[in-house]
file structure-v3.txt (compact mmCIF, C-alpha atoms and all ligand atoms)
# COMPACT_ATOMS: atom_id res chain seq x y z
CA MET A 1 100.55 82.99 104.44
CA SER A 2 103.37 83.20 106.94
CA SER A 3 102.99 83.13 110.67
CA ALA A 4 105.30 86.08 111.19
CA PRO A 5 103.87 88.99 113.15
CA TYR A 6 102.66 91.93 111.15
CA ASN A 7 105.32 94.52 110.64
CA TYR A 8 102.68 97.24 110.68
CA ASN A 9 99.86 98.32 112.97
CA TYR A 10 97.33 99.59 110.46
CA ILE A 11 96.36 99.20 106.85
CA PHE A 12 94.94 102.25 105.10
CA LYS A 13 93.35 101.88 101.71
CA TYR A 14 93.79 104.73 99.20
CA ILE A 15 92.47 105.37 95.73
CA ILE A 16 93.94 107.75 93.16
CA ILE A 17 91.47 109.26 90.73
CA GLY A 18 91.31 111.95 88.06
CA ASP A 19 91.32 112.40 84.27
CA MET A 20 93.60 110.39 82.05
CA GLY A 21 97.14 111.63 81.70
CA VAL A 22 97.16 113.87 84.77
CA GLY A 23 99.98 111.80 86.27
CA LYS A 24 98.28 109.45 88.75
CA SER A 25 100.51 106.48 87.97
CA CYS A 26 103.62 108.65 88.00
CA LEU A 27 102.69 110.02 91.43
CA LEU A 28 102.22 106.48 92.75
CA HIS A 29 105.48 105.38 91.19
CA GLN A 30 107.35 108.36 92.60
CA PHE A 31 105.91 107.60 96.04
CA THR A 32 106.66 103.88 96.05
CA GLU A 33 109.88 103.76 93.98
CA LYS A 34 111.19 107.32 94.20
CA LYS A 35 111.55 107.38 90.44
CA PHE A 36 109.89 109.22 87.60
CA MET A 37 108.50 107.31 84.63
CA ALA A 38 108.85 109.54 81.61
CA ASN A 39 106.85 107.46 79.18
CA CYS A 40 104.07 105.95 81.12
CA PRO A 41 101.34 104.15 79.15
CA HIS A 42 97.68 104.57 80.10
CA THR A 43 96.72 102.41 83.03
CA ILE A 44 94.59 99.37 82.24
CA GLY A 45 91.77 99.24 84.78
CA VAL A 46 93.66 99.57 88.03
CA GLU A 47 97.17 99.26 89.31
CA PHE A 48 98.21 98.53 92.83
CA GLY A 49 101.05 99.72 95.02
CA THR A 50 102.01 99.58 98.67
CA ARG A 51 104.38 101.29 101.02
CA ILE A 52 104.81 101.23 104.77
CA ILE A 53 104.99 104.63 106.42
CA GLU A 54 105.14 105.89 109.95
CA VAL A 55 102.76 108.22 111.72
CA ASP A 56 103.11 108.88 115.42
CA ASP A 57 105.44 105.90 115.85
CA LYS A 58 102.80 103.66 114.33
CA LYS A 59 103.62 101.68 111.21
CA ILE A 60 100.96 102.02 108.58
CA LYS A 61 100.76 100.01 105.40
CA LEU A 62 99.25 102.00 102.58
CA GLN A 63 97.42 99.91 99.98
CA ILE A 64 97.03 102.17 97.00
CA TRP A 65 94.72 101.54 94.06
CA ASP A 66 95.64 103.67 91.07
CA THR A 67 92.65 103.83 88.73
CA ALA A 68 92.55 104.37 84.98
CA GLY A 69 91.29 107.80 83.99
CA GLN A 70 90.01 106.77 80.58
CA GLU A 71 86.28 107.15 80.38
CA ARG A 72 85.59 103.55 79.43
CA PHE A 73 86.94 102.35 82.76
CA ARG A 74 84.60 104.44 84.88
CA ALA A 75 82.19 101.54 85.38
CA VAL A 76 84.89 99.12 86.50
CA THR A 77 86.92 101.52 88.65
CA ARG A 78 83.85 102.52 90.69
CA SER A 79 84.16 99.36 92.73
CA TYR A 80 87.49 100.50 94.16
CA TYR A 81 86.06 103.61 95.80
CA ARG A 82 84.16 101.66 98.39
CA GLY A 83 86.15 101.20 101.53
CA ALA A 84 88.76 103.83 100.71
CA ALA A 85 90.10 105.69 103.73
CA GLY A 86 91.84 108.23 101.51
CA ALA A 87 91.17 109.51 98.01
CA LEU A 88 93.84 111.43 96.09
CA MET A 89 92.05 113.45 93.44
CA VAL A 90 94.47 114.64 90.78
CA TYR A 91 94.33 117.27 88.02
CA ASP A 92 97.02 118.63 85.72
CA ILE A 93 97.83 122.33 86.28
CA THR A 94 98.68 122.67 82.58
CA ARG A 95 95.32 121.37 81.33
CA ARG A 96 92.26 123.29 82.45
CA SER A 97 89.85 120.59 81.27
CA THR A 98 91.24 118.20 83.90
CA TYR A 99 90.50 120.84 86.53
CA ASN A 100 87.00 121.49 85.20
CA HIS A 101 86.16 117.81 85.60
CA LEU A 102 86.98 117.81 89.30
CA SER A 103 83.41 118.40 90.40
CA SER A 104 82.33 115.22 88.65
CA TRP A 105 85.17 113.24 90.26
CA LEU A 106 84.22 114.74 93.59
CA THR A 107 80.57 113.77 93.17
CA ASP A 108 81.57 110.18 92.43
CA THR A 109 83.88 110.14 95.42
CA ARG A 110 81.26 111.52 97.78
CA ASN A 111 78.64 109.09 96.50
CA LEU A 112 80.79 106.01 96.62
CA THR A 113 82.93 106.47 99.72
CA ASN A 114 82.00 107.09 103.34
CA PRO A 115 81.65 110.54 104.92
CA ASN A 116 84.98 110.21 106.73
CA THR A 117 87.05 109.44 103.64
CA VAL A 118 89.85 111.97 103.49
CA ILE A 119 89.97 113.64 100.09
CA PHE A 120 93.25 115.22 99.05
CA LEU A 121 93.37 117.38 95.92
CA ILE A 122 96.65 117.35 94.01
CA GLY A 123 97.52 119.81 91.25
CA ASN A 124 100.19 117.80 89.47
CA LYS A 125 102.98 118.83 87.07
CA SER A 126 103.92 121.91 89.08
CA ASP A 127 107.31 121.75 87.34
CA LEU A 128 105.65 123.00 84.15
CA GLU A 129 105.19 126.57 85.33
CA SER A 130 105.42 128.08 81.85
CA THR A 131 102.39 126.21 80.52
CA ARG A 132 100.25 126.55 83.63
CA GLU A 133 96.51 127.00 82.98
CA VAL A 134 95.14 126.79 86.52
CA THR A 135 96.38 129.15 89.23
CA TYR A 136 97.21 127.98 92.72
CA GLU A 137 94.76 130.47 94.25
CA GLU A 138 91.84 129.29 92.16
CA ALA A 139 92.36 125.65 93.07
CA LYS A 140 92.97 126.49 96.70
CA GLU A 141 89.63 128.26 96.80
CA PHE A 142 87.90 125.25 95.24
CA ALA A 143 89.54 122.98 97.80
CA ASP A 144 88.52 125.20 100.72
CA GLU A 145 84.94 125.47 99.52
CA ASN A 146 84.70 121.70 99.36
CA GLY A 147 86.64 120.88 102.48
CA LEU A 148 89.51 119.20 100.67
CA MET A 149 93.16 119.16 101.58
CA PHE A 150 95.28 120.59 98.77
CA LEU A 151 98.82 120.78 97.42
CA GLU A 152 100.48 121.34 94.10
CA ALA A 153 103.01 118.63 93.37
CA SER A 154 105.28 117.24 90.71
CA ALA A 155 105.68 113.54 90.07
CA MET A 156 108.66 114.52 87.96
CA SER A 157 110.71 116.44 90.52
CA GLY A 158 109.12 114.67 93.46
CA GLN A 159 108.10 117.96 95.01
CA ASN A 160 105.27 117.55 97.56
CA VAL A 161 104.60 113.95 96.58
CA GLU A 162 105.55 112.49 99.96
CA GLU A 163 103.67 115.29 101.67
CA ALA A 164 100.39 114.54 99.90
CA PHE A 165 100.43 110.84 100.72
CA LEU A 166 101.65 111.37 104.29
CA GLU A 167 99.33 114.23 105.18
CA THR A 168 96.40 112.12 104.03
CA ALA A 169 97.55 109.35 106.35
CA ARG A 170 98.00 111.77 109.25
CA LYS A 171 94.48 113.04 108.78
CA ILE A 172 93.07 109.50 108.70
CA TYR A 173 95.06 108.63 111.79
CA GLN A 174 93.71 111.70 113.52
CA ASN A 175 90.17 110.62 112.63
CA ILE A 176 90.87 107.26 114.24
CA GLN A 177 92.25 108.89 117.38
CA GLU A 178 89.18 111.08 117.63
CA GLY A 179 86.92 108.07 117.28
CA ARG A 180 85.40 109.16 113.99
CA LEU A 181 86.22 105.93 112.19
CA ASP A 182 84.68 102.59 113.03
CA LEU A 183 87.58 100.20 112.57
CA ASN A 184 85.26 97.22 112.47
CA ALA A 185 83.32 98.46 109.48
CA SER A 186 84.88 97.27 106.23
CA GLU A 187 83.92 100.51 104.46
CA SER A 188 86.12 102.57 106.79
CA GLY A 189 89.11 101.55 104.65
CA VAL A 190 91.20 100.99 107.75
CA GLN A 191 92.21 97.73 109.33
CA HIS A 192 93.88 97.45 112.68
CA ARG A 193 96.59 94.83 113.03
CA PRO A 194 97.56 94.37 116.63
CA SER A 195 101.22 93.48 116.30
CA GLN A 196 100.77 90.25 118.09
CA PRO A 197 103.03 87.41 117.05
CA GLY A 198 101.73 84.15 115.72
CA ARG A 199 98.47 85.30 114.22
CA THR A 200 98.07 84.13 110.67
CA SER A 201 96.98 85.66 107.45
CA LEU A 202 94.29 87.79 106.02
CA THR A 203 91.67 85.10 105.92
CA ASN A 204 88.52 87.15 106.20
CA GLU A 205 89.73 90.09 104.15
CA ALA A 206 86.47 90.54 102.30
CA PRO A 207 83.40 89.29 104.11
CA ASN A 208 80.84 90.00 101.43
CA THR A 209 82.61 88.68 98.38
CA LYS A 210 81.34 85.95 96.12
CA ASP A 211 81.80 82.70 97.93
CA GLN A 212 85.19 81.10 97.64
CA CYS A 213 85.61 77.74 96.08
CA SER A 214 88.73 75.85 95.27
CA CYS A 215 87.45 74.08 92.21
CA MET B 1 100.09 91.86 92.09
CA GLU B 2 98.78 89.22 94.45
CA GLU B 3 96.04 91.64 95.46
CA MET B 4 95.09 92.24 91.83
CA MET B 5 94.93 88.55 91.08
CA GLU B 6 93.33 87.17 94.18
CA THR B 7 90.81 89.79 95.18
CA VAL B 8 87.38 88.38 94.47
CA VAL B 9 84.78 90.76 93.09
CA PRO B 10 82.37 92.12 95.73
CA GLN B 11 78.89 90.63 95.32
CA GLU B 12 77.36 94.07 95.03
CA ASP B 13 79.48 95.01 92.02
CA PHE B 14 78.87 91.68 90.42
CA ASP B 15 75.12 92.01 90.77
CA ARG B 16 75.05 95.56 89.46
CA ASN B 17 77.10 94.72 86.39
CA GLU B 18 75.27 91.50 85.68
CA GLN B 19 71.90 93.19 85.90
CA ARG B 20 72.98 95.96 83.58
CA TYR B 21 74.26 93.47 81.03
CA LEU B 22 71.15 91.30 81.17
CA ARG B 23 68.84 94.29 80.99
CA GLU B 24 70.53 95.60 77.86
CA LEU B 25 70.44 92.16 76.29
CA GLU B 26 66.76 91.90 77.00
CA LEU B 27 65.86 95.38 75.80
CA ASP B 28 68.06 95.69 72.72
CA GLY B 29 68.94 92.11 71.87
CA HIS B 30 72.62 92.96 72.44
CA ALA B 31 74.64 94.65 75.16
CA SER B 32 76.81 97.76 74.79
CA VAL B 33 80.60 97.45 74.86
CA GLU B 34 80.68 99.10 78.31
CA ALA B 35 78.09 96.77 79.79
CA LYS B 36 79.79 93.74 78.32
CA PHE B 37 83.20 94.80 79.57
CA GLY B 38 81.88 95.68 83.01
CA TYR B 39 80.27 92.27 83.29
CA ALA B 40 83.29 90.42 81.88
CA TYR B 41 85.56 92.29 84.27
CA CYS B 42 83.47 91.07 87.20
CA LEU B 43 83.27 87.53 85.86
CA VAL B 44 87.02 87.04 85.52
CA ARG B 45 87.42 88.08 89.15
CA CYS B 46 84.91 85.50 90.40
CA ALA B 47 85.87 82.54 92.54
CA HIS B 48 84.17 79.94 90.35
CA LYS B 49 85.71 78.60 87.20
CA GLN B 50 82.43 78.59 85.27
CA ASP B 51 82.11 82.33 85.88
CA ILE B 52 85.70 83.07 84.87
CA ALA B 53 85.26 81.02 81.70
CA LYS B 54 82.16 83.02 80.81
CA GLY B 55 84.13 86.23 81.34
CA ILE B 56 86.89 84.99 79.07
CA GLU B 57 84.36 84.23 76.37
CA LEU B 58 82.98 87.77 76.56
CA LEU B 59 86.48 89.27 76.47
CA GLU B 60 87.43 87.23 73.41
CA ASP B 61 84.33 88.50 71.71
CA LEU B 62 85.14 92.09 72.68
CA ALA B 63 88.76 91.76 71.53
CA GLU B 64 87.51 90.65 68.15
CA HIS B 65 84.81 93.27 67.65
CA HIS B 66 86.09 96.32 69.51
CA PRO B 67 89.69 96.98 68.44
CA GLU B 68 89.93 100.25 70.36
CA GLY B 69 89.90 98.49 73.70
CA ARG B 70 91.93 95.52 72.60
CA ARG B 71 94.92 96.08 74.87
CA ASP B 72 92.59 96.18 77.86
CA TYR B 73 90.88 92.97 76.82
CA LEU B 74 94.21 91.21 76.28
CA TYR B 75 95.28 92.18 79.77
CA TYR B 76 92.15 90.81 81.38
CA LEU B 77 92.25 87.70 79.21
CA ALA B 78 95.70 87.05 80.66
CA LEU B 79 94.40 87.67 84.16
CA GLY B 80 91.35 85.43 83.64
CA GLU B 81 93.34 82.58 82.12
CA ALA B 82 95.84 82.82 84.96
CA ARG B 83 93.03 82.61 87.49
CA MET B 84 91.86 79.48 85.66
CA LYS B 85 95.41 78.18 86.11
CA ASN B 86 95.86 78.10 82.34
CA TYR B 87 99.25 79.67 82.86
CA SER B 88 100.77 79.04 79.45
CA VAL B 89 97.75 80.54 77.73
CA ALA B 90 97.91 83.52 80.06
CA LEU B 91 101.62 83.99 79.36
CA ASN B 92 100.94 83.92 75.64
CA TYR B 93 98.56 86.82 76.03
CA CYS B 94 101.17 88.78 77.97
CA LYS B 95 103.79 88.02 75.38
CA GLY B 96 101.48 89.02 72.55
CA PHE B 97 100.78 92.30 74.29
CA LEU B 98 104.44 93.07 75.03
CA GLU B 99 105.51 92.43 71.46
CA ILE B 100 103.30 95.31 70.43
CA GLU B 101 103.68 97.68 73.35
CA ASP B 102 106.17 97.66 76.19
CA ASN B 103 104.17 98.12 79.34
CA PRO B 104 105.34 97.87 82.96
CA GLN B 105 101.88 96.88 84.14
CA VAL B 106 101.80 93.90 81.77
CA ARG B 107 105.39 93.00 82.60
CA SER B 108 104.59 92.69 86.29
CA LEU B 109 101.50 90.62 85.50
CA GLN B 110 103.68 88.38 83.34
CA GLU B 111 106.27 87.97 86.09
CA TYR B 112 103.62 87.09 88.59
CA ILE B 113 102.00 84.50 86.31
CA GLN B 114 105.41 83.02 85.50
CA LYS B 115 106.11 82.58 89.19
CA ARG B 116 102.81 80.84 89.74
CA TYR B 117 103.43 78.69 86.69
CA ASP B 118 106.89 77.62 87.90
CA LYS B 119 105.47 76.80 91.29
CA ASP B 120 102.75 74.64 89.81
CA LEU B 121 105.18 72.94 87.45
CA LYS B 122 107.19 71.95 90.45
CA LYS B 123 104.10 70.51 92.01
CA GLY B 124 103.48 68.72 88.72
CA MET B 125 99.98 69.97 88.28
CA ALA B 126 100.28 72.42 85.44
CA VAL B 127 97.59 72.32 82.84
CA ALA B 128 98.91 72.83 79.35
CA GLY B 129 95.57 72.40 77.60
CA GLY B 130 94.51 75.02 75.13
CA ALA B 131 97.93 76.49 74.57
CA VAL B 132 98.20 75.39 70.97
CA LEU B 133 94.68 76.40 70.09
CA VAL B 134 95.11 79.88 71.43
CA LEU B 135 98.33 80.60 69.60
CA GLY B 136 96.48 81.20 66.34
CA GLY B 137 94.17 83.62 68.06
CA ILE B 138 96.99 85.50 69.69
CA LEU B 139 98.76 86.12 66.43
CA GLY B 140 95.59 87.54 64.96
CA LEU B 141 95.08 89.81 67.94
CA GLY B 142 98.70 90.84 67.85
CA MET B 143 98.47 91.95 64.27
CA ALA B 144 95.31 93.87 64.90
CA LEU B 145 96.98 95.55 67.84
CA ALA B 146 99.91 96.54 65.68
CA LYS B 147 97.56 98.27 63.28
CA ASN B 148 96.16 100.30 66.14
CA LYS B 149 99.41 101.07 67.75
CA ASN B 150 100.01 104.48 66.27
CA ARG B 151 96.58 105.76 67.15
CA ARG B 152 97.35 105.77 70.86
CA ASP B 153 99.86 108.54 71.10
CA LYS B 154 98.26 111.65 69.80
N1 LIG C 301 106.38 117.35 83.43
C1 LIG C 301 105.70 116.43 84.11
N2 LIG C 301 105.15 115.38 83.46
C2 LIG C 301 104.46 114.47 84.17
C3 LIG C 301 104.30 114.58 85.57
N3 LIG C 301 103.57 113.54 86.00
C4 LIG C 301 103.28 112.80 84.92
N4 LIG C 301 103.82 113.35 83.80
C5 LIG C 301 103.70 112.83 82.43
O1 LIG C 301 102.33 112.78 82.09
C6 LIG C 301 102.01 111.62 81.34
C7 LIG C 301 100.84 110.87 81.96
O2 LIG C 301 101.20 110.38 83.24
P1 LIG C 301 100.48 109.11 83.88
O3 LIG C 301 100.99 108.95 85.26
O4 LIG C 301 100.54 107.95 82.99
O5 LIG C 301 98.95 109.61 83.92
P2 LIG C 301 97.69 108.86 84.52
O6 LIG C 301 96.92 109.87 85.27
O7 LIG C 301 98.12 107.66 85.28
O8 LIG C 301 96.88 108.43 83.21
P3 LIG C 301 95.82 107.22 83.03
O9 LIG C 301 96.48 105.98 83.53
O10 LIG C 301 95.51 107.16 81.57
O11 LIG C 301 94.60 107.58 83.83
C8 LIG C 301 103.27 110.78 81.28
O12 LIG C 301 103.86 110.91 80.02
C9 LIG C 301 104.17 111.37 82.34
O13 LIG C 301 105.51 111.27 82.00
C10 LIG C 301 104.89 115.73 86.24
O14 LIG C 301 104.80 115.93 87.45
N5 LIG C 301 105.58 116.61 85.45
MG MG C 302 97.75 105.68 85.10

call {"tool": "encode", "arguments": {"input": "structure-v3.txt", "output": "structure tokens", "more": "lines below"}}
Ligand SMILES: Nc1nc2c(ncn2[C@@H]2O[C@H](COP(=O)(O)OP(=O)(O)OP(=O)(O)O)[C@@H](O)[C@H]2O)c(=O)[nH]1
Ligand SMILES: [Mg+2]
result
Amino acid sequence: MSSAPYNYNYIFKYIIIGDMGVGKSCLLHQFTEKKFMANCPHTIGVEFGTRIIEVDDKKIKLQIWDTAGQERFRAVTRSYYRGAAGALMVYDITRRSTYNHLSSWLTDTRNLTNPNTVIFLIGNKSDLESTREVTYEEAKEFADENGLMFLEASAMSGQNVEEAFLETARKIYQNIQEGRLDLNASESGVQHRPSQPGRTSLTNEAPNTKDQCSC
Amino acid sequence: MEEMMETVVPQEDFDRNEQRYLRELELDGHASVEAKFGYAYCLVRCAHKQDIAKGIELLEDLAEHHPEGRRDYLYYLALGEARMKNYSVALNYCKGFLEIEDNPQVRSLQEYIQKRYDKDLKKGMAVAGGAVLVLGGILGLGMALAKNKNRRDK
């Protein structure tokens, strides 16, 4: 809306996926607000968050779509995968079932995103060591087999939360530098914003959406 | 919040969900809750008012017949009504929801709608229609929600 220059050079789109209750919303909240939400209700559909970070002296705006893990939202959250540059796939280290479902989340991600989408696996709730059901080694092996980046993190203590979001961005940035991402394709999940003053707005954000009308 | 409210549904998603809904209707005479919700969710994010209105109709029907998902339907009813610029109706849905369950996601939706509402009031173009009618409905939904409340936290 304003004619101010962009205060960032790139926009990266992320999605956060995984079973209900694994801590997706808490991770997002910890990343954007640096706070832990102890009693977080189930997400309705999707939530949205942003934060501007820096990689290689470039300002990058992360647009993060946090999806609901509840089964009945699967059909509606699918549409957010398309055009994601990064996917944070989360399980709960204290609940094995959330780990067992990863292959199905991974299949969805692979089917619905592009081959260059960076997938980062997060084993959340690492503060709950005493009730752990999934070992680090086991998950690390799964991640390696499937070419995923991996960390254990805690949305509660904040441990490794920054790292997961930032390392994903670094990897995406590296893909851009190496020419693996076509910045002009909307499904790349990356938009370049030359920081050139005076240019207005995000008018053609979504080229293939239902036609606009101001009725 | 702006992104949530203003992003128009991609044509591809709309088509897929509409086809699924219509196919189920044709085959079984009625559509499943998932198909209905998927379609309604796309409709309320359309650019055209006729589409949004159709989505709202489906959501009202779902809210009445599928209590389990009621909080979700209330949320999207608020979003749909807000996109129709029926701000007071939309705010009533938020309020109804928050009386039953405190929820940061709904609170930020409410704040956003309130801002839009205030802006439009200033411009003198607010549409108050429907607010009275809907109040009855909201109370009903609210009570049904209350009954379900304890089922959520296992
Ligand atoms: N101990 C501990 N608890 C956590 C952590 N992260 C989240 N929780 C708790 O786990 C519960 C679920 O967290 P959410 O962030 O709502 O989970 P979600 O994945 O967004 O769930 P859906 O929105 O239903 O898909 C909440 O009660 C949090 O307080 C963590 O790192 N450590
Ligand atoms: Mg959530």

call {"tool": "residues_around", "arguments": {"input": "structure-v3.txt", "residues": "Asn9 in chain A", "least_positions_apart": "2", "cutoff": "8 Å", "atoms": "all atoms listed in the file", "output": "NGL selection string"}}
result
:A and (6-7 or 11 or 58-61 or 192-195)

call {"tool": "residues_near_point", "arguments": {"input": "structure-v3.txt", "point": "(103.7, 78.6, 82.1)", "cutoff": "6 Å", "atoms": "all atoms listed in the file", "output": "NGL selection string"}}
result
:B and (87-88 or 114 or 117)

call {"tool": "closest_atom_pairs", "arguments": {"input": "structure-v3.txt", "of": "chain A", "to": "ligand MG 302 (chain C)", "cutoff": "10 Å", "atoms": "only C-alpha atoms and all ligand atoms", "output": "CSV"}}
result
residue,atom,partner,partner_atom,distance
A:Ile16,CA,C:MG302,MG,9.2
A:Ile17,CA,C:MG302,MG,9.2
A:Gly18,CA,C:MG302,MG,9.5
A:Asp19,CA,C:MG302,MG,9.3
A:Met20,CA,C:MG302,MG,7.0
A:Gly21,CA,C:MG302,MG,6.9
A:Val22,CA,C:MG302,MG,8.2
A:Gly23,CA,C:MG302,MG,6.6
A:Lys24,CA,C:MG302,MG,5.3
A:Ser25,CA,C:MG302,MG,4.1
A:Cys26,CA,C:MG302,MG,7.2
A:Leu27,CA,C:MG302,MG,9.1
A:Leu28,CA,C:MG302,MG,8.9
A:His29,CA,C:MG302,MG,9.8
A:Cys40,CA,C:MG302,MG,7.5
A:Pro41,CA,C:MG302,MG,7.1
A:His42,CA,C:MG302,MG,5.1
A:Thr43,CA,C:MG302,MG,4.0
A:Ile44,CA,C:MG302,MG,7.6
A:Gly45,CA,C:MG302,MG,8.8
A:Val46,CA,C:MG302,MG,7.9
A:Glu47,CA,C:MG302,MG,7.7
A:Asp66,CA,C:MG302,MG,6.6
A:Thr67,CA,C:MG302,MG,6.5
A:Ala68,CA,C:MG302,MG,5.4
A:Gly69,CA,C:MG302,MG,6.9
A:Gln70,CA,C:MG302,MG,9.0

call {"tool": "interface_residues", "arguments": {"input": "structure-v3.txt", "of": "chain B", "to": "chain A", "cutoff": "7 Å", "atoms": "only C-alpha atoms", "output": "PyMOL selection string"}}
result
chain B and resi 1+8-11+13+34+38+46-49+72+103

call {"tool": "closest_residue", "arguments": {"input": "structure-v3.txt", "among": "B:Asn92, B:Ser32, B:Asn86, B:Gln105", "to": "ligand LIG 301 (chain C)", "atoms": "all atoms listed in the file"}}
result
B:Gln105

call {"tool": "closest_residue", "arguments": {"input": "structure-v3.txt", "among": "B:Lys54, B:Leu121, B:Phe14, B:Pro104", "to": "ligand LIG 301 (chain C)", "atoms": "all atoms listed in the file"}}
result
B:Pro104

call {"tool": "atom_distance", "arguments": {"input": "structure-v3.txt", "atom1": "CA of Tyr112 in chain B", "atom2": "CA of Leu74 in chain B"}}
result
16.0 Å

call {"tool": "atom_distance", "arguments": {"input": "structure-v3.txt", "atom1": "atom C10 of ligand LIG 301 (chain C)", "atom2": "CA of Ser126 in chain A"}}
result
6.9 Å

call {"tool": "closest_residue", "arguments": {"input": "structure-v3.txt", "among": "A:Asn175, A:Thr117, A:Gln30, A:Asn100", "to": "ligand LIG 301 (chain C)", "atoms": "only C-alpha atoms and all ligand atoms"}}
result
A:Gln30

call {"tool": "atom_distance", "arguments": {"input": "structure-v3.txt", "atom1": "CA of Gln159 in chain A", "atom2": "CA of Tyr8 in chain A"}}
result
26.5 Å

call {"tool": "residues_around", "arguments": {"input": "structure-v3.txt", "residues": "range 137-145 of chain A", "least_positions_apart": "3", "cutoff": "9 Å", "atoms": "all atoms listed in the file", "output": "compact mmCIF listing (two decimals) with C-alpha atoms, in the coordinates of the input"}}
result
# COMPACT_ATOMS: atom_id res chain seq x y z
CA TYR A 99 90.50 120.84 86.53
CA PHE A 120 93.25 115.22 99.05
CA LEU A 121 93.37 117.38 95.92
CA GLY A 123 97.52 119.81 91.25
CA VAL A 134 95.14 126.79 86.52
CA LEU A 148 89.51 119.20 100.67
CA MET A 149 93.16 119.16 101.58
CA PHE A 150 95.28 120.59 98.77
CA LEU A 151 98.82 120.78 97.42

call {"tool": "residues_around", "arguments": {"input": "structure-v3.txt", "residues": "Phe97 in chain B", "least_positions_apart": "4", "cutoff": "8 Å", "atoms": "only C-alpha atoms", "output": "JSON, numbers by chain"}}
result
{"B": [71, 74, 75, 93, 101, 102, 106, 142]}

call {"tool": "closest_residue", "arguments": {"input": "structure-v3.txt", "among": "A:Ile122, A:Ile53, A:Ile93, A:Ala38", "to": "ligand LIG 301 (chain C)", "atoms": "only C-alpha atoms and all ligand atoms"}}
result
A:Ala38

call {"tool": "axis_aligned_box", "arguments": {"input": "structure-v3.txt", "around": "ligand LIG 301 (chain C)", "padding_each_side": "3 Å", "output": "JSON"}}
result
{"center_x": 100.5, "center_y": 111.7, "center_z": 83.7, "size_x": 17.8, "size_y": 17.4, "size_z": 13.4}

call {"tool": "closest_residue", "arguments": {"input": "structure-v3.txt", "among": "A:Lys35, A:Arg180, A:Arg110, A:Lys125", "to": "Tyr81 in chain A", "atoms": "all atoms listed in the file"}}
result
A:Arg110

call {"tool": "closest_residue", "arguments": {"input": "structure-v3.txt", "among": "B:Leu27, B:Leu58, B:Ala53, B:Leu109", "to": "Tyr39 in chain B", "atoms": "all atoms listed in the file"}}
result
B:Leu58

call {"tool": "residues_around", "arguments": {"input": "structure-v3.txt", "residues": "Ile56 in chain B", "least_positions_apart": "2", "cutoff": "8 Å", "atoms": "all atoms listed in the file", "output": "list in words"}}
result
Ala40, Val44, Ile52, Ala53, Lys54, Leu58, Leu59, Glu60, Leu77, Gly80 and Glu81 of chain B
